[in-house]
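Reproduced below: my_file37.txt, with compact mmCIF, N, CA and C atoms.
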# COMPACT_ATOMS: atom_id res chain seq x y z
N MET A 897 -54.59 23.62 0.18
CA MET A 897 -54.06 24.64 1.06
C MET A 897 -52.70 25.10 0.56
N GLN A 898 -52.53 26.38 0.56
CA GLN A 898 -51.23 26.94 0.22
C GLN A 898 -50.79 27.88 1.32
N ILE A 899 -49.50 28.11 1.38
CA ILE A 899 -48.94 29.05 2.36
C ILE A 899 -48.21 30.13 1.58
N ASN A 900 -48.47 31.35 1.95
CA ASN A 900 -47.81 32.48 1.34
C ASN A 900 -46.29 32.29 1.46
N PRO A 901 -45.57 32.24 0.33
CA PRO A 901 -44.12 32.01 0.37
C PRO A 901 -43.36 33.06 1.18
N GLU A 902 -43.90 34.27 1.26
CA GLU A 902 -43.24 35.32 2.04
C GLU A 902 -43.20 34.98 3.52
N ILE A 903 -44.24 34.31 4.00
CA ILE A 903 -44.29 33.90 5.41
C ILE A 903 -43.18 32.88 5.68
N ILE A 904 -43.03 31.94 4.77
CA ILE A 904 -41.99 30.92 4.94
C ILE A 904 -40.60 31.56 4.90
N GLU A 905 -40.40 32.46 3.96
CA GLU A 905 -39.10 33.15 3.87
C GLU A 905 -38.80 33.95 5.14
N GLU A 906 -39.81 34.61 5.68
CA GLU A 906 -39.62 35.38 6.91
C GLU A 906 -39.20 34.45 8.06
N LEU A 907 -39.86 33.31 8.17
CA LEU A 907 -39.51 32.36 9.23
C LEU A 907 -38.10 31.81 9.06
N ILE A 908 -37.72 31.51 7.82
CA ILE A 908 -36.36 31.01 7.56
C ILE A 908 -35.32 32.06 7.94
N LEU A 909 -35.57 33.31 7.57
CA LEU A 909 -34.64 34.38 7.94
C LEU A 909 -34.55 34.57 9.44
N ASP A 910 -35.71 34.53 10.11
CA ASP A 910 -35.73 34.70 11.56
C ASP A 910 -35.02 33.55 12.27
N ALA A 911 -35.15 32.35 11.73
CA ALA A 911 -34.54 31.18 12.36
C ALA A 911 -33.02 31.19 12.23
N GLY A 912 -32.53 31.68 11.10
CA GLY A 912 -31.09 31.65 10.84
C GLY A 912 -30.71 30.38 10.11
N GLU A 913 -29.53 30.41 9.51
CA GLU A 913 -29.09 29.32 8.64
C GLU A 913 -28.98 27.98 9.36
N ALA A 914 -28.40 27.97 10.55
CA ALA A 914 -28.20 26.70 11.27
C ALA A 914 -29.53 26.06 11.64
N ARG A 915 -30.46 26.85 12.18
CA ARG A 915 -31.77 26.30 12.55
C ARG A 915 -32.55 25.86 11.30
N ALA A 916 -32.43 26.63 10.22
CA ALA A 916 -33.15 26.28 8.98
C ALA A 916 -32.65 24.93 8.44
N LYS A 917 -31.35 24.71 8.49
CA LYS A 917 -30.80 23.44 8.02
C LYS A 917 -31.32 22.29 8.89
N LYS A 918 -31.31 22.47 10.19
CA LYS A 918 -31.81 21.43 11.09
C LYS A 918 -33.31 21.19 10.88
N ALA A 919 -34.05 22.26 10.63
CA ALA A 919 -35.49 22.13 10.39
C ALA A 919 -35.75 21.29 9.15
N ARG A 920 -34.99 21.54 8.09
CA ARG A 920 -35.15 20.75 6.86
C ARG A 920 -34.82 19.27 7.12
N ASN A 921 -33.79 19.05 7.93
CA ASN A 921 -33.42 17.67 8.26
C ASN A 921 -34.53 16.98 9.05
N TYR A 922 -35.14 17.70 9.99
CA TYR A 922 -36.25 17.13 10.77
C TYR A 922 -37.40 16.77 9.85
N LYS A 923 -37.71 17.65 8.94
CA LYS A 923 -38.82 17.40 8.01
C LYS A 923 -38.51 16.19 7.13
N GLN A 924 -37.31 16.15 6.59
CA GLN A 924 -36.94 15.04 5.71
C GLN A 924 -36.90 13.71 6.45
N ALA A 925 -36.55 13.75 7.74
CA ALA A 925 -36.50 12.53 8.55
C ALA A 925 -37.88 12.14 9.08
N LYS A 926 -38.90 12.90 8.67
CA LYS A 926 -40.29 12.63 9.07
C LYS A 926 -40.48 12.69 10.58
N LYS A 927 -39.86 13.71 11.18
CA LYS A 927 -39.98 13.90 12.63
C LYS A 927 -41.07 14.90 13.01
N VAL A 928 -41.85 15.33 12.02
CA VAL A 928 -42.91 16.32 12.25
C VAL A 928 -44.26 15.67 11.99
N ILE A 929 -45.13 15.73 12.99
CA ILE A 929 -46.49 15.21 12.85
C ILE A 929 -47.46 16.37 13.06
N ILE A 930 -48.16 16.74 12.00
CA ILE A 930 -49.17 17.80 12.10
C ILE A 930 -50.35 17.22 12.87
N THR A 931 -50.73 17.87 13.96
CA THR A 931 -51.83 17.34 14.78
C THR A 931 -53.13 18.11 14.58
N GLU A 932 -53.03 19.35 14.10
CA GLU A 932 -54.25 20.13 13.88
C GLU A 932 -53.96 21.29 12.93
N THR A 933 -54.92 21.55 12.04
CA THR A 933 -54.83 22.73 11.19
C THR A 933 -56.20 23.39 11.12
N LYS A 934 -56.18 24.69 11.09
CA LYS A 934 -57.37 25.50 10.80
C LYS A 934 -56.95 26.41 9.67
N TYR A 935 -57.61 26.27 8.53
CA TYR A 935 -57.14 26.95 7.33
C TYR A 935 -58.27 27.73 6.68
N GLU A 936 -58.03 29.03 6.49
CA GLU A 936 -58.95 29.86 5.72
C GLU A 936 -58.39 30.10 4.32
N ASP A 937 -57.14 30.57 4.28
CA ASP A 937 -56.44 30.78 3.02
C ASP A 937 -54.95 30.87 3.32
N GLN A 938 -54.14 31.16 2.30
CA GLN A 938 -52.68 31.15 2.46
C GLN A 938 -52.16 32.20 3.43
N ASN A 939 -52.99 33.16 3.78
CA ASN A 939 -52.57 34.22 4.70
C ASN A 939 -53.27 34.16 6.05
N ASN A 940 -54.12 33.16 6.26
CA ASN A 940 -54.88 33.04 7.51
C ASN A 940 -55.02 31.57 7.86
N PHE A 941 -54.21 31.11 8.83
CA PHE A 941 -54.28 29.71 9.23
C PHE A 941 -53.60 29.52 10.58
N GLU A 942 -53.90 28.37 11.17
CA GLU A 942 -53.24 27.94 12.41
C GLU A 942 -52.79 26.50 12.20
N VAL A 943 -51.69 26.15 12.81
CA VAL A 943 -51.19 24.77 12.73
C VAL A 943 -50.54 24.40 14.07
N LYS A 944 -50.81 23.16 14.49
CA LYS A 944 -50.18 22.59 15.67
C LYS A 944 -49.48 21.31 15.24
N ALA A 945 -48.35 21.03 15.87
CA ALA A 945 -47.62 19.82 15.52
C ALA A 945 -46.83 19.30 16.70
N GLU A 946 -46.44 18.04 16.57
CA GLU A 946 -45.47 17.43 17.47
C GLU A 946 -44.21 17.20 16.65
N VAL A 947 -43.08 17.60 17.21
CA VAL A 947 -41.80 17.43 16.51
C VAL A 947 -40.91 16.60 17.42
N TYR A 948 -40.37 15.53 16.84
CA TYR A 948 -39.56 14.61 17.61
C TYR A 948 -38.09 14.95 17.47
N GLY A 949 -37.55 15.55 18.52
CA GLY A 949 -36.14 15.90 18.57
C GLY A 949 -35.51 15.13 19.71
N THR A 950 -34.75 15.82 20.56
CA THR A 950 -34.21 15.21 21.76
C THR A 950 -35.36 14.67 22.61
N GLU A 951 -36.44 15.43 22.61
CA GLU A 951 -37.71 15.04 23.24
C GLU A 951 -38.80 15.35 22.23
N THR A 952 -40.05 15.14 22.62
CA THR A 952 -41.16 15.54 21.76
C THR A 952 -41.54 16.96 22.13
N TYR A 953 -41.54 17.84 21.13
CA TYR A 953 -41.88 19.24 21.36
C TYR A 953 -43.16 19.59 20.62
N ASN A 954 -43.97 20.42 21.24
CA ASN A 954 -45.23 20.87 20.65
C ASN A 954 -45.05 22.27 20.08
N THR A 955 -45.48 22.43 18.84
CA THR A 955 -45.37 23.75 18.19
C THR A 955 -46.76 24.27 17.85
N TYR A 956 -46.84 25.59 17.75
CA TYR A 956 -48.08 26.25 17.37
C TYR A 956 -47.71 27.49 16.55
N ILE A 957 -48.38 27.64 15.41
CA ILE A 957 -48.16 28.82 14.56
C ILE A 957 -49.51 29.36 14.15
N GLU A 958 -49.70 30.66 14.30
CA GLU A 958 -50.93 31.31 13.87
C GLU A 958 -50.56 32.47 12.94
N VAL A 959 -51.18 32.49 11.76
CA VAL A 959 -50.95 33.54 10.78
C VAL A 959 -52.30 34.19 10.47
N LYS A 960 -52.33 35.53 10.57
CA LYS A 960 -53.54 36.28 10.23
C LYS A 960 -53.16 37.44 9.32
N LYS A 961 -53.92 37.58 8.26
CA LYS A 961 -53.70 38.65 7.28
C LYS A 961 -52.24 38.70 6.81
N GLY A 962 -51.65 37.51 6.64
CA GLY A 962 -50.30 37.43 6.12
C GLY A 962 -49.21 37.73 7.13
N GLU A 963 -49.59 37.95 8.38
CA GLU A 963 -48.62 38.26 9.43
C GLU A 963 -48.60 37.14 10.46
N ILE A 964 -47.43 36.83 10.98
CA ILE A 964 -47.31 35.82 12.02
C ILE A 964 -47.79 36.44 13.32
N GLU A 965 -48.92 35.96 13.81
CA GLU A 965 -49.52 36.47 15.04
C GLU A 965 -48.93 35.80 16.27
N ASP A 966 -48.69 34.49 16.17
CA ASP A 966 -48.20 33.74 17.32
C ASP A 966 -47.39 32.56 16.82
N ILE A 967 -46.29 32.31 17.50
CA ILE A 967 -45.47 31.15 17.19
C ILE A 967 -44.85 30.70 18.51
N THR A 968 -45.09 29.44 18.87
CA THR A 968 -44.55 28.92 20.13
C THR A 968 -44.04 27.50 19.94
N CYS A 969 -43.15 27.12 20.85
CA CYS A 969 -42.63 25.76 20.89
C CYS A 969 -42.26 25.47 22.34
N THR A 970 -42.36 24.22 22.72
CA THR A 970 -42.03 23.84 24.10
C THR A 970 -40.55 23.50 24.28
N CYS A 971 -39.73 23.72 23.26
CA CYS A 971 -38.31 23.39 23.35
C CYS A 971 -37.53 24.45 24.14
N PRO A 972 -36.36 24.07 24.67
CA PRO A 972 -35.53 25.02 25.42
C PRO A 972 -35.08 26.23 24.59
N ASP A 973 -34.79 26.02 23.31
CA ASP A 973 -34.34 27.13 22.45
C ASP A 973 -35.40 28.22 22.39
N TYR A 974 -36.65 27.81 22.16
CA TYR A 974 -37.72 28.80 22.12
C TYR A 974 -37.90 29.46 23.48
N GLN A 975 -37.84 28.68 24.54
CA GLN A 975 -38.04 29.21 25.89
C GLN A 975 -36.97 30.26 26.24
N GLN A 976 -35.78 30.12 25.69
CA GLN A 976 -34.70 31.07 25.96
C GLN A 976 -34.76 32.31 25.07
N HIS A 977 -35.17 32.13 23.80
CA HIS A 977 -35.08 33.23 22.83
C HIS A 977 -36.43 33.77 22.35
N TYR A 978 -37.51 33.02 22.58
CA TYR A 978 -38.84 33.41 22.12
C TYR A 978 -38.85 33.83 20.65
N GLY A 979 -38.16 33.04 19.85
CA GLY A 979 -38.11 33.29 18.41
C GLY A 979 -38.34 31.99 17.66
N VAL A 980 -38.11 32.03 16.38
CA VAL A 980 -38.33 30.86 15.54
C VAL A 980 -37.25 29.82 15.83
N CYS A 981 -37.68 28.65 16.25
CA CYS A 981 -36.75 27.55 16.50
C CYS A 981 -36.84 26.56 15.34
N LYS A 982 -35.96 25.58 15.34
CA LYS A 982 -35.95 24.59 14.26
C LYS A 982 -37.25 23.78 14.23
N HIS A 983 -37.89 23.59 15.38
CA HIS A 983 -39.12 22.79 15.44
C HIS A 983 -40.30 23.53 14.81
N SER A 984 -40.43 24.82 15.10
CA SER A 984 -41.53 25.58 14.50
C SER A 984 -41.31 25.76 13.00
N LEU A 985 -40.07 25.95 12.59
CA LEU A 985 -39.79 26.06 11.16
C LEU A 985 -40.05 24.73 10.45
N ALA A 986 -39.66 23.63 11.08
CA ALA A 986 -39.92 22.31 10.50
C ALA A 986 -41.42 22.08 10.35
N THR A 987 -42.20 22.60 11.29
CA THR A 987 -43.66 22.48 11.24
C THR A 987 -44.22 23.16 10.01
N ILE A 988 -43.81 24.39 9.75
CA ILE A 988 -44.36 25.13 8.60
C ILE A 988 -43.88 24.51 7.29
N LEU A 989 -42.65 24.01 7.27
CA LEU A 989 -42.15 23.34 6.05
C LEU A 989 -42.93 22.05 5.79
N GLU A 990 -43.24 21.31 6.84
CA GLU A 990 -44.02 20.08 6.68
C GLU A 990 -45.42 20.40 6.17
N LEU A 991 -46.04 21.43 6.73
CA LEU A 991 -47.38 21.82 6.28
C LEU A 991 -47.37 22.20 4.81
N ARG A 992 -46.38 22.98 4.41
CA ARG A 992 -46.26 23.39 3.00
C ARG A 992 -46.11 22.18 2.09
N ASP A 993 -45.19 21.28 2.44
CA ASP A 993 -44.92 20.13 1.58
C ASP A 993 -46.05 19.11 1.61
N LYS A 994 -46.69 18.97 2.75
CA LYS A 994 -47.83 18.07 2.85
C LYS A 994 -48.94 18.53 1.91
N ASN A 995 -49.15 19.82 1.85
CA ASN A 995 -50.17 20.37 0.97
C ASN A 995 -49.81 20.19 -0.49
N GLU A 996 -48.54 20.34 -0.83
CA GLU A 996 -48.10 20.13 -2.21
C GLU A 996 -48.30 18.67 -2.62
N THR A 997 -47.97 17.75 -1.72
CA THR A 997 -48.16 16.32 -2.00
C THR A 997 -49.64 16.01 -2.18
N ALA A 998 -50.48 16.57 -1.33
CA ALA A 998 -51.92 16.34 -1.44
C ALA A 998 -52.46 16.85 -2.78
N LYS A 999 -51.98 18.00 -3.23
CA LYS A 999 -52.42 18.54 -4.52
C LYS A 999 -52.01 17.61 -5.66
N LYS A 1000 -50.79 17.06 -5.60
CA LYS A 1000 -50.33 16.16 -6.65
C LYS A 1000 -51.16 14.87 -6.65
N GLU A 1001 -51.46 14.35 -5.46
CA GLU A 1001 -52.28 13.14 -5.37
C GLU A 1001 -53.69 13.39 -5.90
N GLN A 1002 -54.24 14.55 -5.57
CA GLN A 1002 -55.57 14.89 -6.06
C GLN A 1002 -55.58 14.99 -7.59
N GLN A 1003 -54.52 15.52 -8.16
CA GLN A 1003 -54.42 15.62 -9.62
C GLN A 1003 -54.35 14.23 -10.25
N LYS A 1004 -53.61 13.32 -9.62
CA LYS A 1004 -53.54 11.95 -10.13
C LYS A 1004 -54.92 11.30 -10.13
N ILE A 1005 -55.68 11.52 -9.07
CA ILE A 1005 -57.03 10.96 -8.99
C ILE A 1005 -57.92 11.56 -10.07
N THR A 1006 -57.84 12.87 -10.25
CA THR A 1006 -58.63 13.54 -11.28
C THR A 1006 -58.27 13.01 -12.66
N ASP A 1007 -56.99 12.86 -12.94
CA ASP A 1007 -56.54 12.33 -14.23
C ASP A 1007 -57.06 10.91 -14.45
N PHE A 1008 -56.98 10.08 -13.41
CA PHE A 1008 -57.47 8.70 -13.51
C PHE A 1008 -58.96 8.67 -13.81
N LEU A 1009 -59.73 9.49 -13.09
CA LEU A 1009 -61.17 9.51 -13.30
C LEU A 1009 -61.52 10.00 -14.71
N SER A 1010 -60.75 10.94 -15.22
CA SER A 1010 -60.98 11.41 -16.59
C SER A 1010 -60.73 10.29 -17.59
N LEU A 1011 -59.65 9.55 -17.39
CA LEU A 1011 -59.36 8.42 -18.29
C LEU A 1011 -60.44 7.35 -18.18
N PHE A 1012 -60.91 7.11 -16.98
CA PHE A 1012 -61.96 6.12 -16.76
C PHE A 1012 -63.24 6.54 -17.48
N ASP A 1013 -63.62 7.82 -17.34
CA ASP A 1013 -64.81 8.34 -18.03
C ASP A 1013 -64.66 8.22 -19.55
N GLU A 1014 -63.46 8.52 -20.04
CA GLU A 1014 -63.19 8.43 -21.47
C GLU A 1014 -63.33 6.98 -21.96
N LYS A 1015 -62.81 6.06 -21.16
CA LYS A 1015 -62.90 4.64 -21.54
C LYS A 1015 -64.36 4.20 -21.57
N ILE A 1016 -65.14 4.60 -20.61
CA ILE A 1016 -66.56 4.23 -20.58
C ILE A 1016 -67.28 4.80 -21.80
N SER A 1017 -66.98 6.03 -22.16
CA SER A 1017 -67.59 6.64 -23.34
C SER A 1017 -67.26 5.87 -24.61
N ILE A 1018 -66.01 5.46 -24.74
CA ILE A 1018 -65.59 4.69 -25.92
C ILE A 1018 -66.30 3.35 -25.94
N GLU A 1019 -66.40 2.70 -24.80
CA GLU A 1019 -67.07 1.40 -24.75
C GLU A 1019 -68.57 1.53 -25.08
N LYS A 1020 -69.19 2.59 -24.62
CA LYS A 1020 -70.60 2.82 -24.93
C LYS A 1020 -70.78 3.02 -26.43
N GLU A 1021 -69.88 3.79 -27.03
CA GLU A 1021 -69.95 4.01 -28.49
C GLU A 1021 -69.79 2.69 -29.24
N MET A 1022 -68.89 1.85 -28.76
CA MET A 1022 -68.67 0.56 -29.42
C MET A 1022 -69.89 -0.34 -29.29
N LEU A 1023 -70.55 -0.30 -28.16
CA LEU A 1023 -71.74 -1.11 -27.96
C LEU A 1023 -72.91 -0.63 -28.82
N GLU A 1024 -72.96 0.67 -29.03
CA GLU A 1024 -74.04 1.24 -29.83
C GLU A 1024 -73.87 0.91 -31.32
N ASP A 1025 -72.66 0.70 -31.74
CA ASP A 1025 -72.39 0.39 -33.17
C ASP A 1025 -72.68 -0.99 -33.48

In structure tokens, what does this structure look like?
Amino acid sequence: MQINPEIIEELILDAGEARAKKARNYKQAKKVIITETKYEDQNNFEVKAEVYGTETYNTYIEVKKGEIEDITCTCPDYQQHYGVCKHSLATILELRDKNETAKKEQQKITDFLSLFDEKISIEKEMLED
């Protein structure tokens, strides 16, 4: 899964510098738990998460055709401003990085299996000789 970088940039700009910094801190402190994803492609997906701040807040982000259709959070900041809060931004950053980590792990597995297949081929050749 990938996320269109323009969507992330738009959310960071909407959140503002202070919220973006706090969102990165939440993500790095592992305070974001992705609870559900529905993914079609980088421009069409939904994600729900729990973010542990002063309290536990629930976030929801829906992207369709590269546009943010819906973004909500149960935190007071969102309830007052109805905009991107640090919790919703932390959610999208966690989803992006989680997907990058998964791709790297998948590549490691693929590389290992290739080496394993190569070793088996060499051993078979040695047995045949």

**OP:** Pull the strand (DSSP E) assignments for stretch 928-965 of chain A out of DSSP run on the backbone, and list those residues as a ChimeraX atom specification.
**Re:** /A:928-937,940-948,952-960,963-965

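Using all atoms listed in the file, the residues found no farther than 8 Å from A:Thr970, other than those of its own chain fewer than 6 positions away, are Thr952, Tyr953, Asn954, Thr955, Tyr956 and Ser984 of chain A.
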
**OP:** Extract, using only N, CA and C atoms, all DNA, RNA and protein residues at most 7 Å from stretch 913-926 of chain A, discarding same-chain residues fewer than 3 positions from it, and format them as a ChimeraX atom specification.
**Re:** /A:908-910,929,948,981-983,985-987,989-990

Original post:
What does the distance from atom C of A:Ala945 to atom C of A:Val928 come to in Å, to one decimal?
Top reply: 6.5 Å

To test your reading of the structure, identify every residue in chain A that backbone DSSP assigns to helix (DSSP H, G or I), and report it as a compact mmCIF listing (two decimals) with N, CA and C atoms, keeping the file's coordinate frame.
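So the final result, stored in states25.txt, reads:
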# COMPACT_ATOMS: atom_id res chain seq x y z
N PRO A 901 -45.57 32.24 0.33
CA PRO A 901 -44.12 32.01 0.37
C PRO A 901 -43.36 33.06 1.18
N GLU A 902 -43.90 34.27 1.26
CA GLU A 902 -43.24 35.32 2.04
C GLU A 902 -43.20 34.98 3.52
N ILE A 903 -44.24 34.31 4.00
CA ILE A 903 -44.29 33.90 5.41
C ILE A 903 -43.18 32.88 5.68
N ILE A 904 -43.03 31.94 4.77
CA ILE A 904 -41.99 30.92 4.94
C ILE A 904 -40.60 31.56 4.90
N GLU A 905 -40.40 32.46 3.96
CA GLU A 905 -39.10 33.15 3.87
C GLU A 905 -38.80 33.95 5.14
N GLU A 906 -39.81 34.61 5.68
CA GLU A 906 -39.62 35.38 6.91
C GLU A 906 -39.20 34.45 8.06
N LEU A 907 -39.86 33.31 8.17
CA LEU A 907 -39.51 32.36 9.23
C LEU A 907 -38.10 31.81 9.06
N ILE A 908 -37.72 31.51 7.82
CA ILE A 908 -36.36 31.01 7.56
C ILE A 908 -35.32 32.06 7.94
N LEU A 909 -35.57 33.31 7.57
CA LEU A 909 -34.64 34.38 7.94
C LEU A 909 -34.55 34.57 9.44
N ASP A 910 -35.71 34.53 10.11
CA ASP A 910 -35.73 34.70 11.56
C ASP A 910 -35.02 33.55 12.27
N ALA A 911 -35.15 32.35 11.73
CA ALA A 911 -34.54 31.18 12.36
C ALA A 911 -33.02 31.19 12.23
N GLU A 913 -29.53 30.41 9.51
CA GLU A 913 -29.09 29.32 8.64
C GLU A 913 -28.98 27.98 9.36
N ALA A 914 -28.40 27.97 10.55
CA ALA A 914 -28.20 26.70 11.27
C ALA A 914 -29.53 26.06 11.64
N ARG A 915 -30.46 26.85 12.18
CA ARG A 915 -31.77 26.30 12.55
C ARG A 915 -32.55 25.86 11.30
N ALA A 916 -32.43 26.63 10.22
CA ALA A 916 -33.15 26.28 8.98
C ALA A 916 -32.65 24.93 8.44
N LYS A 917 -31.35 24.71 8.49
CA LYS A 917 -30.80 23.44 8.02
C LYS A 917 -31.32 22.29 8.89
N LYS A 918 -31.31 22.47 10.19
CA LYS A 918 -31.81 21.43 11.09
C LYS A 918 -33.31 21.19 10.88
N ALA A 919 -34.05 22.26 10.63
CA ALA A 919 -35.49 22.13 10.39
C ALA A 919 -35.75 21.29 9.15
N ARG A 920 -34.99 21.54 8.09
CA ARG A 920 -35.15 20.75 6.86
C ARG A 920 -34.82 19.27 7.12
N ASN A 921 -33.79 19.05 7.93
CA ASN A 921 -33.42 17.67 8.26
C ASN A 921 -34.53 16.98 9.05
N TYR A 922 -35.14 17.70 9.99
CA TYR A 922 -36.25 17.13 10.77
C TYR A 922 -37.40 16.77 9.85
N LYS A 923 -37.71 17.65 8.94
CA LYS A 923 -38.82 17.40 8.01
C LYS A 923 -38.51 16.19 7.13
N GLN A 924 -37.31 16.15 6.59
CA GLN A 924 -36.94 15.04 5.71
C GLN A 924 -36.90 13.71 6.45
N PRO A 972 -36.36 24.07 24.67
CA PRO A 972 -35.53 25.02 25.42
C PRO A 972 -35.08 26.23 24.59
N ASP A 973 -34.79 26.02 23.31
CA ASP A 973 -34.34 27.13 22.45
C ASP A 973 -35.40 28.22 22.39
N TYR A 974 -36.65 27.81 22.16
CA TYR A 974 -37.72 28.80 22.12
C TYR A 974 -37.90 29.46 23.48
N GLN A 975 -37.84 28.68 24.54
CA GLN A 975 -38.04 29.21 25.89
C GLN A 975 -36.97 30.26 26.24
N GLN A 976 -35.78 30.12 25.69
CA GLN A 976 -34.70 31.07 25.96
C GLN A 976 -34.76 32.31 25.07
N HIS A 977 -35.17 32.13 23.80
CA HIS A 977 -35.08 33.23 22.83
C HIS A 977 -36.43 33.77 22.35
N LYS A 982 -35.96 25.58 15.34
CA LYS A 982 -35.95 24.59 14.26
C LYS A 982 -37.25 23.78 14.23
N HIS A 983 -37.89 23.59 15.38
CA HIS A 983 -39.12 22.79 15.44
C HIS A 983 -40.30 23.53 14.81
N SER A 984 -40.43 24.82 15.10
CA SER A 984 -41.53 25.58 14.50
C SER A 984 -41.31 25.76 13.00
N LEU A 985 -40.07 25.95 12.59
CA LEU A 985 -39.79 26.06 11.16
C LEU A 985 -40.05 24.73 10.45
N ALA A 986 -39.66 23.63 11.08
CA ALA A 986 -39.92 22.31 10.50
C ALA A 986 -41.42 22.08 10.35
N THR A 987 -42.20 22.60 11.29
CA THR A 987 -43.66 22.48 11.24
C THR A 987 -44.22 23.16 10.01
N ILE A 988 -43.81 24.39 9.75
CA ILE A 988 -44.36 25.13 8.60
C ILE A 988 -43.88 24.51 7.29
N LEU A 989 -42.65 24.01 7.27
CA LEU A 989 -42.15 23.34 6.05
C LEU A 989 -42.93 22.05 5.79
N GLU A 990 -43.24 21.31 6.84
CA GLU A 990 -44.02 20.08 6.68
C GLU A 990 -45.42 20.40 6.17
N LEU A 991 -46.04 21.43 6.73
CA LEU A 991 -47.38 21.82 6.28
C LEU A 991 -47.37 22.20 4.81
N ARG A 992 -46.38 22.98 4.41
CA ARG A 992 -46.26 23.39 3.00
C ARG A 992 -46.11 22.18 2.09
N ASP A 993 -45.19 21.28 2.44
CA ASP A 993 -44.92 20.13 1.58
C ASP A 993 -46.05 19.11 1.61
N LYS A 994 -46.69 18.97 2.75
CA LYS A 994 -47.83 18.07 2.85
C LYS A 994 -48.94 18.53 1.91
N ASN A 995 -49.15 19.82 1.85
CA ASN A 995 -50.17 20.37 0.97
C ASN A 995 -49.81 20.19 -0.49
N GLU A 996 -48.54 20.34 -0.83
CA GLU A 996 -48.10 20.13 -2.21
C GLU A 996 -48.30 18.67 -2.62
N THR A 997 -47.97 17.75 -1.72
CA THR A 997 -48.16 16.32 -2.00
C THR A 997 -49.64 16.01 -2.18
N ALA A 998 -50.48 16.57 -1.33
CA ALA A 998 -51.92 16.34 -1.44
C ALA A 998 -52.46 16.85 -2.78
N LYS A 999 -51.98 18.00 -3.23
CA LYS A 999 -52.42 18.54 -4.52
C LYS A 999 -52.01 17.61 -5.66
N LYS A 1000 -50.79 17.06 -5.60
CA LYS A 1000 -50.33 16.16 -6.65
C LYS A 1000 -51.16 14.87 -6.65
N GLU A 1001 -51.46 14.35 -5.46
CA GLU A 1001 -52.28 13.14 -5.37
C GLU A 1001 -53.69 13.39 -5.90
N GLN A 1002 -54.24 14.55 -5.57
CA GLN A 1002 -55.57 14.89 -6.06
C GLN A 1002 -55.58 14.99 -7.59
N GLN A 1003 -54.52 15.52 -8.16
CA GLN A 1003 -54.42 15.62 -9.62
C GLN A 1003 -54.35 14.23 -10.25
N LYS A 1004 -53.61 13.32 -9.62
CA LYS A 1004 -53.54 11.95 -10.13
C LYS A 1004 -54.92 11.30 -10.13
N ILE A 1005 -55.68 11.52 -9.07
CA ILE A 1005 -57.03 10.96 -8.99
C ILE A 1005 -57.92 11.56 -10.07
N THR A 1006 -57.84 12.87 -10.25
CA THR A 1006 -58.63 13.54 -11.28
C THR A 1006 -58.27 13.01 -12.66
N ASP A 1007 -56.99 12.86 -12.94
CA ASP A 1007 -56.54 12.33 -14.23
C ASP A 1007 -57.06 10.91 -14.45
N PHE A 1008 -56.98 10.08 -13.41
CA PHE A 1008 -57.47 8.70 -13.51
C PHE A 1008 -58.96 8.67 -13.81
N LEU A 1009 -59.73 9.49 -13.09
CA LEU A 1009 -61.17 9.51 -13.30
C LEU A 1009 -61.52 10.00 -14.71
N SER A 1010 -60.75 10.94 -15.22
CA SER A 1010 -60.98 11.41 -16.59
C SER A 1010 -60.73 10.29 -17.59
N LEU A 1011 -59.65 9.55 -17.39
CA LEU A 1011 -59.36 8.42 -18.29
C LEU A 1011 -60.44 7.35 -18.18
N PHE A 1012 -60.91 7.11 -16.98
CA PHE A 1012 -61.96 6.12 -16.76
C PHE A 1012 -63.24 6.54 -17.48
N ASP A 1013 -63.62 7.82 -17.34
CA ASP A 1013 -64.81 8.34 -18.03
C ASP A 1013 -64.66 8.22 -19.55
N GLU A 1014 -63.46 8.52 -20.04
CA GLU A 1014 -63.19 8.43 -21.47
C GLU A 1014 -63.33 6.98 -21.96
N LYS A 1015 -62.81 6.06 -21.16
CA LYS A 1015 -62.90 4.64 -21.54
C LYS A 1015 -64.36 4.20 -21.57
N ILE A 1016 -65.14 4.60 -20.61
CA ILE A 1016 -66.56 4.23 -20.58
C ILE A 1016 -67.28 4.80 -21.80
N SER A 1017 -66.98 6.03 -22.16
CA SER A 1017 -67.59 6.64 -23.34
C SER A 1017 -67.26 5.87 -24.61
N ILE A 1018 -66.01 5.46 -24.74
CA ILE A 1018 -65.59 4.69 -25.92
C ILE A 1018 -66.30 3.35 -25.94
N GLU A 1019 -66.40 2.70 -24.80
CA GLU A 1019 -67.07 1.40 -24.75
C GLU A 1019 -68.57 1.53 -25.08
N LYS A 1020 -69.19 2.59 -24.62
CA LYS A 1020 -70.60 2.82 -24.93
C LYS A 1020 -70.78 3.02 -26.43
N GLU A 1021 -69.88 3.79 -27.03
CA GLU A 1021 -69.95 4.01 -28.49
C GLU A 1021 -69.79 2.69 -29.24
N MET A 1022 -68.89 1.85 -28.76
CA MET A 1022 -68.67 0.56 -29.42
C MET A 1022 -69.89 -0.34 -29.29
N LEU A 1023 -70.55 -0.30 -28.16
CA LEU A 1023 -71.74 -1.11 -27.96
C LEU A 1023 -72.91 -0.63 -28.82
N GLU A 1024 -72.96 0.67 -29.03
CA GLU A 1024 -74.04 1.24 -29.83
C GLU A 1024 -73.87 0.91 -31.32

Subject >> Non-local contacts of stretch 934-943 of chain A (6.5 Å; all atoms listed in the file; under 5 positions in same chain excluded) as a PyMOL selection string >> reply: chain A and resi 897-900+955-963

**OP:** Grab the atom CA of A:Leu907 to atom CA of A:Val980 distance for me, in Å with one decimal place.
**Re:** 6.6 Å

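With distances restricted to only C-alpha atoms, A:Ala911 is the closest residue to A:Asp973 from A:Leu1023, A:Leu991, A:Ala911, A:Ile930.
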
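Comparing the minimum interatomic distances between A:Asp993 and each of A:Thr931, A:Tyr974, A:Pro901, A:Val947, counting only C-alpha atoms, we find that A:Pro901 sits nearest.
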
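For the pair atom CA of A:Glu905 and atom CA of A:Thr933, the separation is 20.2 Å.
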